[in-house]
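S.K.: Sharing a structure below in structure tokens format, with a few things to ask.
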Protein chains: 2
Amino acid sequence: MDMKKQLTADQALVEEALARYAEQWPELGDLQRAMAYSLLSGGKRIRPVLTLAACRLFGGQAEKALPFACGLEMIHTYSLIHDDLPCMDNDDFRRGKPTNHKVYGEATAVLAGDSLLTAAFGVLAQAELSPEQIVRGVACLSQAAGPAGMAGGQILDLLGEGKTLTYDEIVQIQNLKTGCMIEAAVRLGAIAAGSTPEEEEAVAEYARKIGLAFQIRDDVLDVLGDEAELGKPIGSDQENQKSTFVGLKGIEGCEALIEELTEGAIASLASYPGSEFLCELARMLAGRTK
Amino acid sequence: MDMKKQLTADQALVEEALARYAEQWPELGDLQRAMAYSLLSGGKRIRPVLTLAACRLFGGQAEKALPFACGLEMIHTYSLIHDDLPCMDNDDFRRGKPTNHKVYGEATAVLAGDSLLTAAFGVLAQAELSPEQIVRGVACLSQAAGPAGMAGGQILDLLGEGKTLTYDEIVQIQNLKTGCMIEAAVRLGAIAAGSTPEEEEAVAEYARKIGLAFQIRDDVLDVLGDEAELGKPIGSDQENQKSTFVGLKGIEGCEALIEELTEGAIASLASYPGSEFLCELARMLAGRTK
């Protein structure tokens with residue numbers, strides 16, 4: 001199967017699974033609707049796709065990794081809901097649609113985020129994998145999303161607003177805020193495949209590099225992107241007085257960094273046959289326009 | 001050991017373990033301090049004590065249940081932080097101290113709650129129990145705290161403000177909001193002990209009854225309690241226009257209900273030797289003044 005067909009098939013697999021999970025939550029007030037609104041709002045599903053691809057790379061059945069992939073995407077979704085809250089980034093739009101709290105109110109948005117985060121670990125626990133694999137998955141996801149990972153990155157990101165940060169400081173924030181979860185995505189796939197520690201480490205190295213490239217591309221798109229295509233206003237980094245890769249390295253410097261990181265990511269998988277999908281995905285993400 | 005000594009010893013065990021977990025989180029901005037501020041603010045630790053006691057009742061080593069007990073208490077703590085936010089109950093004081101967002105600001109309070117919730121599942125994953133037991137613990141806690149449990153109860157609680165609710169509606173809200181987590185507390189202890197399904201069900205029945213009695217006592221104390229002893233203002237239910245057990249059943253009706261539920265809780269453990277601690281704890285909670 002060629003790369004784009006595989007990507008579309010994996011995205012569909014994830015969409016269907018997420019929709020099935022969303023149907024299982026009880027209707028209490030607007031809570032289930034608010035959870036489903038953000039979870040099923042048509043993201044690119046890059047993280048769960050990475051989980052499935054990493055599982056497949058190491059000889060696992062991608063379907064078995066689906067609960068891990070979906071749990072991770074639920075946690076990614078909760079982080080977007082909370083990140084958009086008035087006390088955080090105070091955003092009105094996300095993926096071209098009103099943000100969760102704009103539709104359901106702040107209290108429900110807080111609880112919808114909390115609920116997605118809580119339910120995510122229950123989804124992992126339901127995976128048809130060995131209990132050892134599930135426990136490793138839970139530990140991996142908790143570590144990546146928690147105070148030493150994504151949540152820690154979010155607080156540094158908020159603190160960094162209005163300050164001039166060095167390149168290393170921005171890299172630290174982005175690695176925590178975004179990188180940890182992208183790394184967790186492939187680690188979860190490797191765990192679901194029953195991979196060796198060396199295999200897991202190779203794909204984690206790939207993920208760290210594409211994660212940073214992804215973030216640099218985000219900064220570039222915030223300056224050069226097309227609002228309609230992105231589904232969010234451009235220039236928000238400047239408005240929020242955020243230090244960015246573009247501010248420090250310029251557009252050309254960023255493009256060079258993205259290329260270097262992408263080639264490095266691909267190189268880290270060189271000794272694994274069947275890594276074409278992940279290599280092409282890295283190139284696609286590097287060149288994305290939304 | 002008599003009941004009060006055992007309670008004090010278990011509370012100390014929990015405090016020390018929670019303090020050790022809090023030391024493991026990295027110092028990023030105020031995040032770690034905000035998490036520790038609420039986690040180590042001297043609650044009664046009823047839920048984790050129940051976990052340890054249920055484990056002991058079924059022949060398990062209480063120390064082995066400690067990660068389960070602490071993970072549950074971290075989730076309880078996150079729920080208090082988020083519940084106090086301006087967009088939720090908007091409370092300035094909790095246990096006699098300023099609420100988390102009053103000290104650290106709203107954004108940090110949101111992230112501190114998210115981080116406690118996320119880290120909790122990682123704490124469970126570290127338990128020195130079989131992977132099967134850990135997976136069951138994760139599933140139990142996710143179910144109890146998520147949209148079909150505590151979070152669902154919170155949304156119904158918010159929706160109920162200003163409305164006249166029936167007794168059954170209040171019971172449903174309280175069972176979800178508080179009862180599910182008290183039931184999960186003893187189930188986690190039973191899981192850690194490797195109990196039989198019958199044993200787990202008996203202690204769950206005990207927990208459902210003391211959980212409801214606990215909530216009715218809360219409503220009574222909100223009318224009759226001593227502000228200094230409670231550490232929070234009384235009369236807040238009336239102020240928030242909440243339907244309460246006191247409003248529906250009167251003080252005397254509530255006292256009768258508490259007694260009936262407490263005796264029922266005790267009866268559900270009648271066939272288990274060594275249940276004295278849990279029985280005395282039920283009586284103590286029924287008669288508490290704070």
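Each chain of the structure tokens is named A, B, ... in the order shown, its residues numbered from 1; ligands are numbered from 1 in display order.
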Counting only C-alpha atoms, which residues of chain A fall within 9 Å of chain B, and what is the closest atom pair for each with its distance in Å at one decimal, ordered by chain and rising number, as a tab-separated table?

M.R.:
```
residue	atom	partner	partner_atom	distance
A:Trp25	CA	B:Pro147	CA	6.4
A:Pro26	CA	B:Ala148	CA	6.0
A:Glu27	CA	B:Gly152	CA	8.7
A:Leu28	CA	B:Gly152	CA	6.1
A:Gly29	CA	B:Leu156	CA	6.4
A:Asp30	CA	B:Ile155	CA	8.1
A:Leu31	CA	B:Ile155	CA	7.0
A:Gln32	CA	B:Pro147	CA	7.4
A:Ser79	CA	B:Asp114	CA	9.0
A:His82	CA	B:Val110	CA	7.8
A:Leu85	CA	B:Ala107	CA	8.8
A:Pro86	CA	B:Ala107	CA	8.9
A:Cys87	CA	B:Ala107	CA	5.3
A:Met88	CA	B:Ala107	CA	5.5
A:Gly105	CA	B:Cys87	CA	8.7
A:Glu106	CA	B:Cys87	CA	6.0
A:Ala107	CA	B:Cys87	CA	5.3
A:Thr108	CA	B:Ile155	CA	7.0
A:Val110	CA	B:His82	CA	7.8
A:Leu111	CA	B:Ala151	CA	6.3
A:Ala112	CA	B:Pro147	CA	8.1
A:Gly113	CA	B:Asp114	CA	8.8
A:Asp114	CA	B:Asp114	CA	7.1
A:Ser115	CA	B:Gly146	CA	5.0
A:Leu116	CA	B:Gly146	CA	7.7
A:Leu117	CA	B:Thr118	CA	7.3
A:Thr118	CA	B:Gly146	CA	5.3
A:Ala119	CA	B:Gly146	CA	5.6
A:Ala120	CA	B:Ser142	CA	7.9
A:Phe121	CA	B:Ser142	CA	6.3
A:Gly122	CA	B:Ala139	CA	4.9
A:Val123	CA	B:Ala139	CA	8.1
A:Leu124	CA	B:Ala139	CA	8.5
A:Ala125	CA	B:Val135	CA	5.7
A:Gln126	CA	B:Ala139	CA	7.7
A:Ser130	CA	B:Pro131	CA	8.6
A:Pro131	CA	B:Pro131	CA	5.1
A:Glu132	CA	B:Pro131	CA	5.4
A:Gln133	CA	B:Pro131	CA	8.7
A:Ile134	CA	B:Val135	CA	6.9
A:Val135	CA	B:Ala125	CA	5.7
A:Arg136	CA	B:Ala125	CA	7.6
A:Val138	CA	B:Gly122	CA	6.5
A:Ala139	CA	B:Gly122	CA	4.9
A:Cys140	CA	B:Gly122	CA	7.9
A:Leu141	CA	B:Gly122	CA	8.1
A:Ser142	CA	B:Gly122	CA	5.1
A:Gln143	CA	B:Gly122	CA	6.8
A:Ala145	CA	B:Thr118	CA	6.7
A:Gly146	CA	B:Ser115	CA	5.1
A:Pro147	CA	B:Ser115	CA	5.4
A:Ala148	CA	B:Pro26	CA	6.0
A:Ala151	CA	B:Ser115	CA	6.3
A:Gly152	CA	B:Leu28	CA	6.1
A:Gly153	CA	B:Leu28	CA	8.2
A:Gln154	CA	B:Leu111	CA	7.9
A:Ile155	CA	B:Gly29	CA	6.5
A:Leu156	CA	B:Gly29	CA	6.4
A:Leu158	CA	B:Ala107	CA	8.4
A:Leu159	CA	B:Gly29	CA	7.2
```

S.K.: Measure the distance from atom CA of Ile182 of chain B to atom CA of Gly287 of chain B in Å and round it to one decimal.

M.R.: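 Going from atom CA of Ile182 of chain B over to atom CA of Gly287 of chain B covers 17.6 Å.
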
S.K.: Quick one: everything within 10 Å of Asp92 of chain A, counting only C-alpha atoms, minus sequence neighbours fewer than 4 positions away in the same chain. Send it as a list in words.

M.R.: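 The residues satisfying every condition are Asp84, Leu85, Pro86, Gly96, Lys97, Pro98, Thr99, Asn100, His101, Lys102, Val103, Lys232 and Pro233 of chain A.
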
S.K.: Can you pull out the residues contacting segment 214-227 of chain B? Cut-off 7 Å, using only C-alpha atoms, and skip same-chain residues under 4 positions away; I want them as an MDAnalysis selection string.

M.R.: chainID B and resid 174 210 231:237 244:246 251 254 258 285:286 289

S.K.: Can you write out the residues you just picked, keeping N, CA, C and O atoms, as a PDB file, in the first residue's frame?

M.R.:
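This is the output file selection-v5.pdb:
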```
ATOM      1  N   GLN B 174     -24.815  12.520  44.221  1.00  0.00           N
ATOM      2  CA  GLN B 174     -23.824  12.249  45.260  1.00  0.00           C
ATOM      3  C   GLN B 174     -23.137  10.911  45.056  1.00  0.00           C
ATOM      4  O   GLN B 174     -21.944  10.786  45.302  1.00  0.00           O
ATOM      5  N   ILE B 210     -21.421   3.882  53.330  1.00  0.00           N
ATOM      6  CA  ILE B 210     -20.758   4.947  54.103  1.00  0.00           C
ATOM      7  C   ILE B 210     -20.556   6.190  53.235  1.00  0.00           C
ATOM      8  O   ILE B 210     -20.542   7.305  53.750  1.00  0.00           O
ATOM      9  N   GLY B 231     -13.148  24.492  58.668  1.00  0.00           N
ATOM     10  CA  GLY B 231     -12.154  25.108  57.795  1.00  0.00           C
ATOM     11  C   GLY B 231     -12.761  25.700  56.535  1.00  0.00           C
ATOM     12  O   GLY B 231     -12.061  26.028  55.592  1.00  0.00           O
ATOM     13  N   LYS B 232     -14.097  25.799  56.501  1.00  0.00           N
ATOM     14  CA  LYS B 232     -14.752  26.446  55.352  1.00  0.00           C
ATOM     15  C   LYS B 232     -16.035  27.081  55.846  1.00  0.00           C
ATOM     16  O   LYS B 232     -16.563  26.695  56.894  1.00  0.00           O
ATOM     17  N   PRO B 233     -16.547  28.072  55.130  1.00  0.00           N
ATOM     18  CA  PRO B 233     -17.754  28.752  55.601  1.00  0.00           C
ATOM     19  C   PRO B 233     -18.952  27.810  55.587  1.00  0.00           C
ATOM     20  O   PRO B 233     -19.047  26.954  54.711  1.00  0.00           O
ATOM     21  N   ILE B 234     -19.815  27.927  56.563  1.00  0.00           N
ATOM     22  CA  ILE B 234     -21.053  27.146  56.507  1.00  0.00           C
ATOM     23  C   ILE B 234     -22.105  27.954  55.748  1.00  0.00           C
ATOM     24  O   ILE B 234     -21.913  29.131  55.466  1.00  0.00           O
ATOM     25  N   GLY B 235     -23.194  27.275  55.385  1.00  0.00           N
ATOM     26  CA  GLY B 235     -24.275  27.938  54.656  1.00  0.00           C
ATOM     27  C   GLY B 235     -24.007  28.082  53.165  1.00  0.00           C
ATOM     28  O   GLY B 235     -24.769  28.721  52.446  1.00  0.00           O
ATOM     29  N   SER B 236     -22.912  27.467  52.664  1.00  0.00           N
ATOM     30  CA  SER B 236     -22.560  27.653  51.251  1.00  0.00           C
ATOM     31  C   SER B 236     -23.558  26.964  50.329  1.00  0.00           C
ATOM     32  O   SER B 236     -23.790  27.420  49.214  1.00  0.00           O
ATOM     33  N   ASP B 237     -24.156  25.858  50.787  1.00  0.00           N
ATOM     34  CA  ASP B 237     -25.142  25.173  49.950  1.00  0.00           C
ATOM     35  C   ASP B 237     -26.333  26.083  49.676  1.00  0.00           C
ATOM     36  O   ASP B 237     -26.788  26.211  48.549  1.00  0.00           O
ATOM     37  N   THR B 244     -30.411  20.020  48.941  1.00  0.00           N
ATOM     38  CA  THR B 244     -29.623  19.199  49.861  1.00  0.00           C
ATOM     39  C   THR B 244     -30.504  18.171  50.548  1.00  0.00           C
ATOM     40  O   THR B 244     -31.737  18.274  50.548  1.00  0.00           O
ATOM     41  N   PHE B 245     -29.829  17.191  51.148  1.00  0.00           N
ATOM     42  CA  PHE B 245     -30.550  16.195  51.935  1.00  0.00           C
ATOM     43  C   PHE B 245     -31.291  16.856  53.092  1.00  0.00           C
ATOM     44  O   PHE B 245     -32.409  16.469  53.427  1.00  0.00           O
ATOM     45  N   VAL B 246     -30.676  17.878  53.695  1.00  0.00           N
ATOM     46  CA  VAL B 246     -31.321  18.566  54.818  1.00  0.00           C
ATOM     47  C   VAL B 246     -32.606  19.235  54.362  1.00  0.00           C
ATOM     48  O   VAL B 246     -33.649  19.151  55.022  1.00  0.00           O
ATOM     49  N   ILE B 251     -33.170  17.846  59.485  1.00  0.00           N
ATOM     50  CA  ILE B 251     -32.003  17.383  60.250  1.00  0.00           C
ATOM     51  C   ILE B 251     -32.260  16.013  60.870  1.00  0.00           C
ATOM     52  O   ILE B 251     -31.426  15.106  60.770  1.00  0.00           O
ATOM     53  N   CYS B 254     -32.230  13.284  58.350  1.00  0.00           N
ATOM     54  CA  CYS B 254     -30.853  13.011  57.913  1.00  0.00           C
ATOM     55  C   CYS B 254     -30.119  12.157  58.941  1.00  0.00           C
ATOM     56  O   CYS B 254     -29.407  11.213  58.581  1.00  0.00           O
ATOM     57  N   ILE B 258     -28.425   8.573  58.196  1.00  0.00           N
ATOM     58  CA  ILE B 258     -27.002   8.305  58.440  1.00  0.00           C
ATOM     59  C   ILE B 258     -26.852   7.049  59.288  1.00  0.00           C
ATOM     60  O   ILE B 258     -26.016   6.180  59.007  1.00  0.00           O
ATOM     61  N   LEU B 285     -17.088   8.233  61.073  1.00  0.00           N
ATOM     62  CA  LEU B 285     -17.460   9.153  59.986  1.00  0.00           C
ATOM     63  C   LEU B 285     -18.906   9.618  60.145  1.00  0.00           C
ATOM     64  O   LEU B 285     -19.239  10.765  59.874  1.00  0.00           O
ATOM     65  N   ALA B 286     -19.766   8.711  60.599  1.00  0.00           N
ATOM     66  CA  ALA B 286     -21.184   9.057  60.786  1.00  0.00           C
ATOM     67  C   ALA B 286     -21.339  10.162  61.824  1.00  0.00           C
ATOM     68  O   ALA B 286     -22.206  11.023  61.717  1.00  0.00           O
ATOM     69  N   THR B 289     -17.695  15.803  63.188  1.00  0.00           N
ATOM     70  CA  THR B 289     -18.127  17.194  63.322  1.00  0.00           C
ATOM     71  C   THR B 289     -17.332  18.109  62.398  1.00  0.00           C
ATOM     72  O   THR B 289     -17.461  19.318  62.451  1.00  0.00           O
TER      73      THR B 289
END
```

S.K.: For Asp2 of chain B, work out the shell of residues within 10 Å, counting only C-alpha atoms and skipping chain neighbours fewer than 6 positions away, then give it as a list in words.

M.R.: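 Surrounding residues, per the criterion: Glu276, Phe277 and Glu280 of chain B.
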
S.K.: Using DSSP secondary structure from the backbone, list all alpha helix (DSSP H) positions within segment 79-240 of chain A, as a PyMOL selection string.

M.R.: chain A and resi 79-83+100-104+106-125+131-145+150-160+167-174+180-193+197-224+227-230+236-239

S.K.: So which residues of segment 3-200 of chain B fall under strand (DSSP E or B) by DSSP, listed as a short mmCIF file (atom, residue, chain, number, x, y, z; two decimals) with N, CA, C and O atoms, in the first residue's frame?

M.R.:
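This went into out-v1.cif:
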```
data_model
loop_
_atom_site.label_atom_id
_atom_site.label_comp_id
_atom_site.auth_asym_id
_atom_site.auth_seq_id
_atom_site.Cartn_x
_atom_site.Cartn_y
_atom_site.Cartn_z
N PHE B 93 -11.56 29.40 49.90
CA PHE B 93 -10.91 28.65 50.97
C PHE B 93 -11.25 27.17 50.91
O PHE B 93 -12.34 26.78 50.52
N ARG B 94 -10.28 26.37 51.33
CA ARG B 94 -10.42 24.91 51.34
C ARG B 94 -9.57 24.43 52.53
O ARG B 94 -8.40 24.76 52.60
N LYS B 97 -7.39 26.99 54.27
CA LYS B 97 -6.31 27.68 53.55
C LYS B 97 -6.84 28.23 52.22
O LYS B 97 -7.83 27.72 51.69
N PRO B 98 -6.19 29.25 51.69
CA PRO B 98 -6.63 29.76 50.38
C PRO B 98 -6.58 28.63 49.33
O PRO B 98 -5.70 27.78 49.39
#
```

S.K.: Got a sec: who's within 12 Å of Gly59 of chain B, counting only C-alpha atoms, leaving out chain neighbours fewer than 5 positions off, as an MDAnalysis selection string?

M.R.: chainID B and resid 52:54 64:65 189:196 199 272:275

S.K.: What gap, in Å, lies between atom CA of Glu198 of chain B and atom CA of Lys44 of chain B?

M.R.: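 Straight-line distance from atom CA of Glu198 of chain B to atom CA of Lys44 of chain B works out to 28.7 Å.
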
S.K.: Work out how far atom CA of His76 of chain B is from atom CA of Glu128 of chain A, in Å to one decimal.

M.R.: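 These two atoms are separated by 29.0 Å.
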
S.K.: Would you mind listing what lies within 9 Å of Leu66 of chain B as a PyMOL selection string, with only C-alpha atoms counted and same-chain residues fewer than 6 positions away left out?

M.R.: chain B and resi 13-14+17+48+51-52+127+189

S.K.: May I have the residues from that selection written out with all heavy atoms, as a PDB file, in the first residue's frame?

M.R.:
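To be explicit, this is the file written out as selection27.pdb:
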```
ATOM      1  N   LEU B  13       1.339   6.904  57.177  1.00  0.00           N
ATOM      2  CA  LEU B  13       1.879   6.139  56.038  1.00  0.00           C
ATOM      3  C   LEU B  13       1.543   6.841  54.719  1.00  0.00           C
ATOM      4  O   LEU B  13       2.401   6.988  53.840  1.00  0.00           O
ATOM      5  CB  LEU B  13       1.243   4.743  56.074  1.00  0.00           C
ATOM      6  CG  LEU B  13       1.961   3.554  55.471  1.00  0.00           C
ATOM      7  CD1 LEU B  13       3.305   3.337  56.135  1.00  0.00           C
ATOM      8  CD2 LEU B  13       1.090   2.293  55.635  1.00  0.00           C
ATOM      9  N   VAL B  14       0.301   7.278  54.617  1.00  0.00           N
ATOM     10  CA  VAL B  14      -0.156   7.948  53.396  1.00  0.00           C
ATOM     11  C   VAL B  14       0.551   9.294  53.229  1.00  0.00           C
ATOM     12  O   VAL B  14       1.040   9.628  52.143  1.00  0.00           O
ATOM     13  CB  VAL B  14      -1.694   8.128  53.423  1.00  0.00           C
ATOM     14  CG1 VAL B  14      -2.165   9.042  52.303  1.00  0.00           C
ATOM     15  CG2 VAL B  14      -2.394   6.774  53.351  1.00  0.00           C
ATOM     16  N   ALA B  17       4.113   8.818  52.088  1.00  0.00           N
ATOM     17  CA  ALA B  17       4.194   8.358  50.689  1.00  0.00           C
ATOM     18  C   ALA B  17       3.862   9.497  49.733  1.00  0.00           C
ATOM     19  O   ALA B  17       4.543   9.693  48.723  1.00  0.00           O
ATOM     20  CB  ALA B  17       3.245   7.180  50.474  1.00  0.00           C
ATOM     21  N   PRO B  48      -7.658   7.023  50.984  1.00  0.00           N
ATOM     22  CA  PRO B  48      -6.509   6.094  51.027  1.00  0.00           C
ATOM     23  C   PRO B  48      -6.507   5.199  52.260  1.00  0.00           C
ATOM     24  O   PRO B  48      -6.074   4.037  52.174  1.00  0.00           O
ATOM     25  CB  PRO B  48      -5.281   7.031  51.012  1.00  0.00           C
ATOM     26  CG  PRO B  48      -5.801   8.384  51.325  1.00  0.00           C
ATOM     27  CD  PRO B  48      -7.219   8.426  50.893  1.00  0.00           C
ATOM     28  N   THR B  51      -8.522   2.297  51.404  1.00  0.00           N
ATOM     29  CA  THR B  51      -7.801   1.359  50.535  1.00  0.00           C
ATOM     30  C   THR B  51      -6.912   0.434  51.365  1.00  0.00           C
ATOM     31  O   THR B  51      -6.927  -0.792  51.183  1.00  0.00           O
ATOM     32  CB  THR B  51      -6.944   2.137  49.513  1.00  0.00           C
ATOM     33  OG1 THR B  51      -7.785   3.021  48.771  1.00  0.00           O
ATOM     34  CG2 THR B  51      -6.234   1.184  48.549  1.00  0.00           C
ATOM     35  N   LEU B  52      -6.153   1.016  52.277  1.00  0.00           N
ATOM     36  CA  LEU B  52      -5.265   0.211  53.113  1.00  0.00           C
ATOM     37  C   LEU B  52      -6.064  -0.757  53.974  1.00  0.00           C
ATOM     38  O   LEU B  52      -5.696  -1.935  54.118  1.00  0.00           O
ATOM     39  CB  LEU B  52      -4.410   1.123  54.008  1.00  0.00           C
ATOM     40  CG  LEU B  52      -3.526   2.171  53.302  1.00  0.00           C
ATOM     41  CD1 LEU B  52      -2.672   2.923  54.325  1.00  0.00           C
ATOM     42  CD2 LEU B  52      -2.647   1.539  52.240  1.00  0.00           C
ATOM     43  N   ALA B 127       3.162   0.232  41.270  1.00  0.00           N
ATOM     44  CA  ALA B 127       2.881  -0.617  42.433  1.00  0.00           C
ATOM     45  C   ALA B 127       3.605  -1.961  42.325  1.00  0.00           C
ATOM     46  O   ALA B 127       3.758  -2.505  41.228  1.00  0.00           O
ATOM     47  CB  ALA B 127       1.373  -0.841  42.557  1.00  0.00           C
ATOM     48  N   GLY B 189      -8.195  -1.516  47.319  1.00  0.00           N
ATOM     49  CA  GLY B 189      -7.596  -2.293  48.400  1.00  0.00           C
ATOM     50  C   GLY B 189      -7.853  -3.778  48.227  1.00  0.00           C
ATOM     51  O   GLY B 189      -6.954  -4.616  48.430  1.00  0.00           O
TER      52      GLY B 189
END
```
